[in-house]
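Containing compact mmCIF, C-alpha atoms: start_29.txt.
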```txt
# COMPACT_ATOMS: atom_id res chain seq x y z
CA MET D 1001 149.88 -86.92 -75.53
CA LYS D 1002 151.93 -88.68 -78.16
CA PHE D 1003 152.12 -89.42 -81.83
CA CYS D 1004 152.15 -93.05 -82.86
CA ALA D 1005 152.68 -92.28 -86.51
CA PHE D 1006 156.09 -93.95 -86.75
CA SER D 1007 158.17 -96.41 -84.78
CA HIS D 1008 159.60 -93.57 -82.68
CA ARG D 1009 157.69 -90.92 -80.78
CA ILE D 1010 157.11 -87.51 -82.26
CA PRO D 1011 156.17 -84.58 -79.99
CA LEU D 1012 152.68 -83.17 -80.43
CA PRO D 1013 152.77 -79.79 -82.18
CA LYS D 1014 152.13 -76.98 -79.72
CA PRO D 1015 148.68 -75.41 -80.11
CA ALA D 1016 148.49 -71.74 -80.92
CA SER D 1017 148.19 -69.35 -78.00
CA LYS D 1018 144.69 -68.52 -76.82
CA ARG D 1019 143.00 -65.82 -78.83
CA ASN D 1020 139.65 -64.06 -78.90
CA LEU D 1021 136.95 -65.61 -81.06
CA TYR D 1022 136.55 -62.33 -82.92
CA ALA D 1023 140.24 -61.44 -83.21
CA PRO D 1024 141.59 -60.56 -86.67
CA MET D 1025 142.44 -63.55 -88.80
CA ASN D 1026 145.96 -64.43 -89.83
CA GLU D 1027 147.20 -62.86 -93.02
CA GLU D 1028 150.53 -64.71 -93.02
CA LYS D 1029 151.26 -68.40 -93.35
CA SER D 1030 151.70 -69.97 -89.93
CA GLU D 1031 154.57 -72.39 -90.48
CA GLU D 1032 156.75 -73.74 -93.22
CA LYS D 1033 156.49 -77.27 -94.57
CA THR D 1034 158.78 -79.75 -92.89
CA SER D 1035 158.30 -82.55 -95.38
CA ALA D 1036 157.17 -82.98 -98.95
CA SER D 1037 156.05 -86.60 -98.39
CA MET D 1038 152.43 -85.79 -97.52
CA THR D 1039 150.31 -84.10 -100.18
CA ILE D 1040 146.70 -84.87 -99.16
CA ALA D 1041 145.72 -85.78 -95.61
CA VAL D 1042 142.43 -87.08 -94.19
CA VAL D 1043 141.86 -86.15 -90.54
CA ILE D 1044 139.54 -88.50 -88.64
CA PRO D 1045 138.64 -87.81 -84.97
CA THR D 1046 137.73 -91.00 -83.09
CA LEU D 1047 136.29 -92.04 -79.76
CA ASN D 1048 135.32 -95.71 -79.47
CA GLU D 1049 134.99 -96.42 -83.20
CA SER D 1050 136.29 -100.01 -83.30
CA GLY D 1051 133.24 -101.09 -85.30
CA ASN D 1052 134.09 -98.68 -88.11
CA ILE D 1053 137.72 -97.57 -88.21
CA ALA D 1054 139.43 -100.56 -89.87
CA LYS D 1055 136.96 -100.73 -92.76
CA LEU D 1056 137.00 -96.95 -93.12
CA LEU D 1057 140.79 -96.85 -93.43
CA ASP D 1058 140.71 -99.65 -96.00
CA GLU D 1059 138.26 -97.69 -98.14
CA ILE D 1060 140.16 -94.40 -97.79
CA MET D 1061 143.40 -96.04 -98.85
CA THR D 1062 141.80 -97.28 -102.09
CA CYS D 1063 140.28 -93.88 -103.00
CA ASP D 1064 143.48 -92.18 -104.08
CA ALA D 1065 147.10 -93.26 -103.77
CA ARG D 1066 148.05 -89.78 -102.54
CA LEU D 1067 145.87 -89.96 -99.43
CA GLN D 1068 147.31 -90.31 -95.95
CA ALA D 1069 144.99 -90.83 -92.98
CA ILE D 1070 145.56 -89.13 -89.63
CA VAL D 1071 143.43 -90.68 -86.89
CA VAL D 1072 143.14 -88.52 -83.76
CA ASP D 1073 141.94 -90.75 -80.94
CA ASP D 1074 140.60 -89.45 -77.63
CA GLY D 1075 141.43 -92.37 -75.39
CA SER D 1076 139.12 -95.02 -76.85
CA LYS D 1077 138.54 -97.97 -74.55
CA ASP D 1078 137.29 -100.34 -77.25
CA GLY D 1079 140.56 -101.01 -79.09
CA THR D 1080 140.19 -98.32 -81.77
CA GLY D 1081 143.83 -97.27 -81.39
CA GLU D 1082 145.07 -100.83 -81.68
CA LEU D 1083 143.12 -101.32 -84.91
CA VAL D 1084 144.64 -98.14 -86.33
CA LEU D 1085 148.12 -99.42 -85.49
CA GLN D 1086 147.35 -102.65 -87.33
CA LYS D 1087 146.35 -100.66 -90.40
CA GLN D 1088 149.45 -98.54 -89.97
CA ALA D 1089 151.56 -101.66 -90.28
CA GLU D 1090 149.56 -102.73 -93.33
CA TYR D 1091 149.74 -99.40 -95.14
CA SER D 1092 153.14 -98.24 -93.89
CA LEU D 1093 153.48 -94.48 -93.70
CA ARG D 1094 150.03 -93.74 -95.13
CA VAL D 1095 148.26 -94.21 -91.77
CA HIS D 1096 149.10 -92.15 -88.68
CA LEU D 1097 147.75 -92.19 -85.14
CA ILE D 1098 147.65 -89.31 -82.69
CA ALA D 1099 146.77 -90.93 -79.35
CA ARG D 1100 145.62 -88.14 -77.03
CA GLY D 1101 144.81 -90.41 -74.10
CA ARG D 1102 141.59 -88.74 -72.95
CA LYS D 1103 138.47 -87.07 -74.29
CA MET D 1104 139.46 -83.57 -75.41
CA GLY D 1105 136.76 -82.77 -77.96
CA TYR D 1106 135.95 -82.77 -81.65
CA ALA D 1107 137.34 -79.38 -82.65
CA SER D 1108 140.74 -79.80 -81.00
CA ALA D 1109 141.00 -83.28 -82.55
CA VAL D 1110 140.51 -81.80 -86.03
CA GLN D 1111 143.00 -79.04 -85.21
CA ASP D 1112 145.67 -81.46 -83.95
CA GLY D 1113 145.27 -83.56 -87.09
CA MET D 1114 145.54 -80.46 -89.27
CA ARG D 1115 148.70 -79.32 -87.45
CA PHE D 1116 150.34 -82.66 -88.12
CA ALA D 1117 149.27 -82.56 -91.77
CA LEU D 1118 150.54 -79.02 -92.37
CA LYS D 1119 153.81 -79.73 -90.56
CA ASN D 1120 154.39 -82.62 -92.94
CA GLY D 1121 153.68 -80.65 -96.08
CA ALA D 1122 150.05 -81.44 -96.95
CA ALA D 1123 148.65 -79.13 -99.62
CA ARG D 1124 145.07 -80.22 -98.91
CA VAL D 1125 143.46 -81.55 -95.73
CA LEU D 1126 140.16 -83.40 -95.60
CA GLN D 1127 138.19 -83.86 -92.40
CA MET D 1128 135.53 -86.51 -91.96
CA ASP D 1129 133.72 -88.55 -89.32
CA ALA D 1130 134.72 -92.12 -88.53
CA ASP D 1131 131.23 -93.66 -88.48
CA PHE D 1132 130.56 -93.84 -92.27
CA SER D 1133 128.05 -91.00 -92.10
CA HIS D 1134 130.60 -89.45 -94.46
CA ASN D 1135 131.04 -92.07 -97.17
CA PRO D 1136 134.67 -92.27 -98.34
CA ASN D 1137 133.47 -93.02 -101.88
CA ARG D 1138 132.71 -89.28 -102.16
CA ILE D 1139 136.34 -88.30 -101.51
CA PRO D 1140 137.33 -88.45 -105.21
CA ALA D 1141 134.47 -86.10 -106.19
CA ILE D 1142 135.34 -83.68 -103.39
CA LEU D 1143 139.02 -83.71 -104.34
CA GLU D 1144 138.27 -83.31 -108.04
CA LYS D 1145 136.19 -80.20 -107.39
CA SER D 1146 138.81 -78.78 -105.03
CA GLU D 1147 141.65 -79.29 -107.49
CA SER D 1148 139.92 -78.55 -110.80
CA GLU D 1149 138.33 -75.30 -109.54
CA ASP D 1150 141.18 -74.40 -107.16
CA LEU D 1151 138.79 -73.90 -104.25
CA GLY D 1152 139.91 -73.00 -100.75
CA LEU D 1153 137.20 -75.17 -99.20
CA VAL D 1154 134.88 -77.87 -100.53
CA ILE D 1155 132.02 -79.19 -98.42
CA GLY D 1156 130.30 -82.55 -98.74
CA SER D 1157 126.78 -81.12 -98.68
CA ARG D 1158 123.44 -82.57 -97.62
CA TYR D 1159 121.51 -79.55 -98.82
CA VAL D 1160 122.38 -79.21 -102.52
CA PRO D 1161 120.64 -81.10 -105.37
CA GLY D 1162 121.66 -84.75 -105.15
CA GLY D 1163 122.46 -84.52 -101.44
CA GLY D 1164 120.38 -85.72 -98.52
CA THR D 1165 120.18 -87.94 -95.46
CA GLU D 1166 119.37 -91.60 -94.86
CA ASN D 1167 117.93 -93.39 -91.82
CA TRP D 1168 117.10 -90.12 -90.04
CA GLY D 1169 113.94 -89.72 -87.99
CA ILE D 1170 111.75 -86.66 -88.42
CA ASP D 1171 113.03 -85.15 -85.15
CA ARG D 1172 116.63 -85.26 -86.30
CA LYS D 1173 115.75 -83.84 -89.70
CA ILE D 1174 113.99 -80.91 -88.05
CA LEU D 1175 116.83 -80.33 -85.56
CA SER D 1176 119.63 -80.52 -88.13
CA GLY D 1177 117.83 -78.67 -90.90
CA GLY D 1178 116.59 -76.01 -88.49
CA ALA D 1179 120.04 -75.47 -87.03
CA ASN D 1180 121.58 -75.13 -90.48
CA PHE D 1181 118.86 -72.67 -91.52
CA MET D 1182 119.47 -70.52 -88.42
CA VAL D 1183 123.21 -70.47 -89.01
CA ARG D 1184 122.79 -69.43 -92.66
CA LYS D 1185 120.34 -66.65 -91.86
CA MET D 1186 121.92 -65.28 -88.69
CA LEU D 1187 125.44 -65.19 -90.14
CA ASN D 1188 124.35 -64.38 -93.71
CA LEU D 1189 126.16 -67.35 -95.23
CA LYS D 1190 125.60 -68.40 -98.84
CA VAL D 1191 126.80 -71.99 -98.49
CA ARG D 1192 123.91 -74.44 -98.26
CA ASP D 1193 125.44 -76.81 -95.69
CA CYS D 1194 127.14 -74.69 -93.02
CA THR D 1195 127.24 -77.39 -90.35
CA GLY D 1196 128.60 -80.31 -92.39
CA GLY D 1197 131.85 -81.86 -91.22
CA PHE D 1198 132.95 -83.55 -94.47
CA ARG D 1199 135.35 -80.96 -95.88
CA CYS D 1200 138.44 -80.48 -97.99
CA TRP D 1201 140.66 -77.50 -97.15
CA LYS D 1202 143.58 -75.94 -98.96
CA ARG D 1203 146.41 -75.36 -96.51
CA GLU D 1204 146.53 -71.65 -97.37
CA LEU D 1205 142.95 -71.15 -96.21
CA ILE D 1206 143.49 -73.08 -92.98
CA GLU D 1207 146.34 -70.71 -92.19
CA LYS D 1208 144.73 -67.49 -93.41
CA ALA D 1209 141.43 -68.13 -91.59
CA GLY D 1210 143.18 -68.94 -88.32
CA VAL D 1211 141.45 -72.31 -88.09
CA LEU D 1212 144.11 -73.71 -85.77
CA ASP D 1213 143.86 -70.74 -83.40
CA LEU D 1214 140.17 -71.07 -82.55
CA LYS D 1215 139.44 -71.96 -78.93
CA ILE D 1216 136.03 -73.55 -79.18
CA GLU D 1217 134.87 -77.12 -78.69
CA GLY D 1218 132.06 -79.11 -80.23
CA TYR D 1219 130.34 -78.66 -83.56
CA ALA D 1220 130.17 -74.87 -83.28
CA PHE D 1221 133.67 -75.16 -84.74
CA LEU D 1222 132.07 -76.01 -88.09
CA PHE D 1223 129.99 -72.88 -88.56
CA ILE D 1224 132.59 -70.59 -87.00
CA THR D 1225 135.18 -71.71 -89.56
CA MET D 1226 132.58 -71.35 -92.32
CA ASP D 1227 131.85 -67.81 -91.13
CA ARG D 1228 135.56 -66.96 -91.20
CA CYS D 1229 135.93 -68.27 -94.74
CA THR D 1230 132.98 -66.15 -95.85
CA ARG D 1231 134.41 -63.02 -94.24
CA LEU D 1232 137.67 -63.62 -96.09
CA GLY D 1233 135.89 -63.99 -99.43
CA ALA D 1234 137.29 -67.49 -99.84
CA LYS D 1235 136.27 -69.64 -102.81
CA VAL D 1236 133.97 -72.33 -101.41
CA GLY D 1237 132.23 -75.15 -103.28
CA GLU D 1238 129.81 -77.95 -102.40
CA VAL D 1239 129.54 -81.55 -103.58
CA PRO D 1240 126.36 -83.55 -102.86
CA ILE D 1241 126.58 -86.36 -100.34
CA ILE D 1242 124.10 -88.70 -98.70
CA PHE D 1243 124.61 -88.53 -94.95
CA VAL D 1244 123.84 -91.97 -93.52
CA ASP D 1245 123.16 -92.45 -89.81
CA ARG D 1246 125.74 -94.61 -88.08
CA GLN D 1247 125.22 -98.39 -87.84
CA PHE D 1248 127.90 -99.14 -85.25
CA GLY D 1249 128.99 -97.28 -82.14
CA LYS D 1250 127.36 -94.45 -80.21
CA SER D 1251 126.69 -90.90 -81.38
CA LYS D 1252 128.82 -88.22 -79.68
CA MET D 1253 126.09 -85.57 -79.99
CA SER D 1254 124.72 -84.36 -76.65
CA ARG D 1255 122.51 -81.61 -75.26
CA ARG D 1256 125.61 -79.86 -73.93
CA ILE D 1257 127.11 -79.72 -77.42
CA ILE D 1258 123.83 -78.42 -78.88
CA PHE D 1259 123.45 -75.70 -76.24
CA GLU D 1260 127.10 -74.70 -76.62
CA ALA D 1261 126.62 -74.32 -80.37
CA MET D 1262 123.50 -72.21 -79.83
CA ARG D 1263 125.36 -69.98 -77.36
CA VAL D 1264 128.24 -69.43 -79.77
CA LEU D 1265 125.88 -68.72 -82.67
CA LEU D 1266 124.01 -66.10 -80.63
CA LYS D 1267 127.30 -64.51 -79.58
CA LEU D 1268 128.49 -64.30 -83.18
CA TRP D 1269 125.16 -62.86 -84.33
CA LEU D 1270 125.12 -60.20 -81.61
CA ALA D 1271 128.72 -59.26 -82.41
CA ARG D 1272 127.76 -58.89 -86.07
CA LEU D 1273 124.78 -56.67 -85.16
CA SER D 1274 126.90 -54.43 -82.95
CA LYS D 1275 129.18 -53.65 -85.91
CA LYS D 1276 126.35 -52.51 -88.18
```
What do you get writing this file as structure tokens?
Amino acid sequence: MKFCAFSHRIPLPKPASKRNLYAPMNEEKSEEKTSASMTIAVVIPTLNESGNIAKLLDEIMTCDARLQAIVVDDGSKDGTGELVLQKQAEYSLRVHLIARGRKMGYASAVQDGMRFALKNGAARVLQMDADFSHNPNRIPAILEKSESEDLGLVIGSRYVPGGGTENWGIDRKILSGGANFMVRKMLNLKVRDCTGGFRCWKRELIEKAGVLDLKIEGYAFLFITMDRCTRLGAKVGEVPIIFVDRQFGKSKMSRRIIFEAMRVLLKLWLARLSKK
């Protein structure tokens, strides 16, 4: 794997050693800042998103002059990486590319982007999808809530007043809403949208919750990290968003990902019961 963030290669940060899903969370900061140049990063995992990525980066760059985008690409065959490099040349050091060369999964893509952001001094790290289901015009509202209320985590939420979905069929609404309901009830979470992937993290919470140490793939990563934040008593807020189904490209959701998330949720729930 390699970084394509600058004209010379930068080695990929080493992932944390494997640890148990239920191991104690970190109480110390994981690594010191290596640069003060990056203050707010936006991590964007991609796999064949050529129909979306250029426009998305343009819109992110206009949201806030402090933003830097970190695209983590899993070996796209449709020219996604090349489009990111074009935007990198256009926006100089505000756009970065981590080219991983092969499909390695959503969670590890977010983690690799976060590692790069923290190594370069980011105080806050956003994560979002590349297909415009997470509209970049909501970034300012999410950042404003994070900064004004000094929250460890802010979620772009479908399930608070003002939030919702667009262009979803009834089957998807039932699946997504049902899954979110199960997660909230089984893990006793107060946040309304526990499975949303549009988030803004403070670096201290990423480190304290051991987000970079988790060894889990797929979208189970979203509710596991939410569960960890709850257990730590972290300050979490929600900002309403309208989640719009993608117009270009192919969804990465699969039965395998759904079943894996269900398995992890059941495992977490049973572990919680055994401690009562």
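Among the candidate residues D:Met1226, D:Ile1053, D:Ile1040, D:Val1236, the one lying nearest to Glu1149 in chain D is D:Val1236, with distances computed using only C-alpha atoms.
Distances to Lys1077 in chain D were evaluated for D:Ile1224, D:Val1191, D:Ala1234, D:Leu1047 using all atoms listed in the file, and the minimum falls at D:Leu1047.
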- Task: Identify the residues within 7 Å of coordinate (140.2, -84.8, -82.1) (same frame as the file), considering all atoms listed in the file, and give the answer as a list in words.
- Result: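 These residues have at least one counted atom within 7 Å: Pro1045, Thr1046, Val1072, Asp1073, Asp1074, Met1104, Gly1105, Tyr1106, Ala1107, Ser1108, Ala1109, Val1110 and Asp1112 of chain D.
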Can those selected residues be exported to a file as a PDB file, keeping the file's coordinate frame so that it contains C-alpha atoms?
```pdb
ATOM      1  CA  PRO D1045     138.640 -87.810 -84.970  1.00  0.00           C
ATOM      2  CA  THR D1046     137.730 -91.000 -83.090  1.00  0.00           C
ATOM      3  CA  VAL D1072     143.140 -88.520 -83.760  1.00  0.00           C
ATOM      4  CA  ASP D1073     141.940 -90.750 -80.940  1.00  0.00           C
ATOM      5  CA  ASP D1074     140.600 -89.450 -77.630  1.00  0.00           C
ATOM      6  CA  MET D1104     139.460 -83.570 -75.410  1.00  0.00           C
ATOM      7  CA  GLY D1105     136.760 -82.770 -77.960  1.00  0.00           C
ATOM      8  CA  TYR D1106     135.950 -82.770 -81.650  1.00  0.00           C
ATOM      9  CA  ALA D1107     137.340 -79.380 -82.650  1.00  0.00           C
ATOM     10  CA  SER D1108     140.740 -79.800 -81.000  1.00  0.00           C
ATOM     11  CA  ALA D1109     141.000 -83.280 -82.550  1.00  0.00           C
ATOM     12  CA  VAL D1110     140.510 -81.800 -86.030  1.00  0.00           C
ATOM     13  CA  ASP D1112     145.670 -81.460 -83.950  1.00  0.00           C
TER      14      ASP D1112
END
```
- Message: Between CA of Leu1205 in chain D and CA of Gln1127 in chain D, what distance in Å does the model show, to one decimal?
- Response: 14.1 Å
- By how many Å are CA of Gly1233 in chain D and CA of Ala1041 in chain D apart?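 Atom-to-atom, CA of Gly1233 in chain D and CA of Ala1041 in chain D are spaced 24.2 Å apart.
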- When distances are computed from only C-alpha atoms, which of D:Pro1140, D:Gly1101, D:Gly1237, D:Gly1075 shows the smallest separation from Ile1060 in chain D?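 Distance minimum relative to Ile1060 in chain D lands on D:Pro1140.
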- Distance CA of Asp1245 in chain D-CA of Pro1136 in chain D, one decimal place?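 Atom-to-atom, CA of Asp1245 in chain D and CA of Pro1136 in chain D are spaced 14.3 Å apart.
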- Message: Can you pull out the residues contacting range 1269-1273 of chain D? Cut-off 10 Å, using all atoms listed in the file, and skip same-chain residues under 6 positions away; I want them as a ChimeraX atom specification.
- Response: /D:1022,1183,1185-1188,1263
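With all atoms listed in the file as the basis for measurement, D:Met1038 is the residue among D:Met1038, D:Cys1194, D:Ala1209, D:Ala1220 that approaches Lys1119 in chain D most closely.
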- Task: For Asp1078 in chain D, work out the shell of residues within 10 Å, counting all atoms listed in the file and skipping chain neighbours fewer than 2 positions away, then give it as a list of chain:residue names.
- Result: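 Close residues of Asp1078 in chain D: D:Leu1047, D:Asn1048, D:Glu1049, D:Ser1050, D:Gly1051, D:Gly1075, D:Ser1076, D:Thr1080, D:Gly1081, D:Glu1082, D:Leu1083.
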- Up to 12 Å from (144.5, -73.5, -95.6) in the file's coordinates: name the residues, counting all atoms listed in the file, as a ChimeraX atom specification. /D:1026-1031,1111,1114-1115,1117-1118,1121-1126,1151-1154,1199-1212,1225,1228-1229,1234-1235
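Distances here use only C-alpha atoms; by that measure, the residue among D:Asp1131, D:Glu1217, D:Glu1238, D:Asp1150 closest to Gly1162 in chain D is D:Glu1238.
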Report as JSON lines: every residue of range 1045-1163 of chain D with an atom at most 12 Å from range 1174-1182 of chain D, its closest pair of atoms, and their distance in Å to one decimal, counting only C-alpha atoms, with rows sorted by chain and ascending residue number.
```
{"residue": "D:Ser1157", "atom": "CA", "partner": "D:Asn1180", "partner_atom": "CA", "distance": 11.4}
{"residue": "D:Arg1158", "atom": "CA", "partner": "D:Gly1177", "partner_atom": "CA", "distance": 9.6}
{"residue": "D:Tyr1159", "atom": "CA", "partner": "D:Gly1177", "partner_atom": "CA", "distance": 8.8}
```
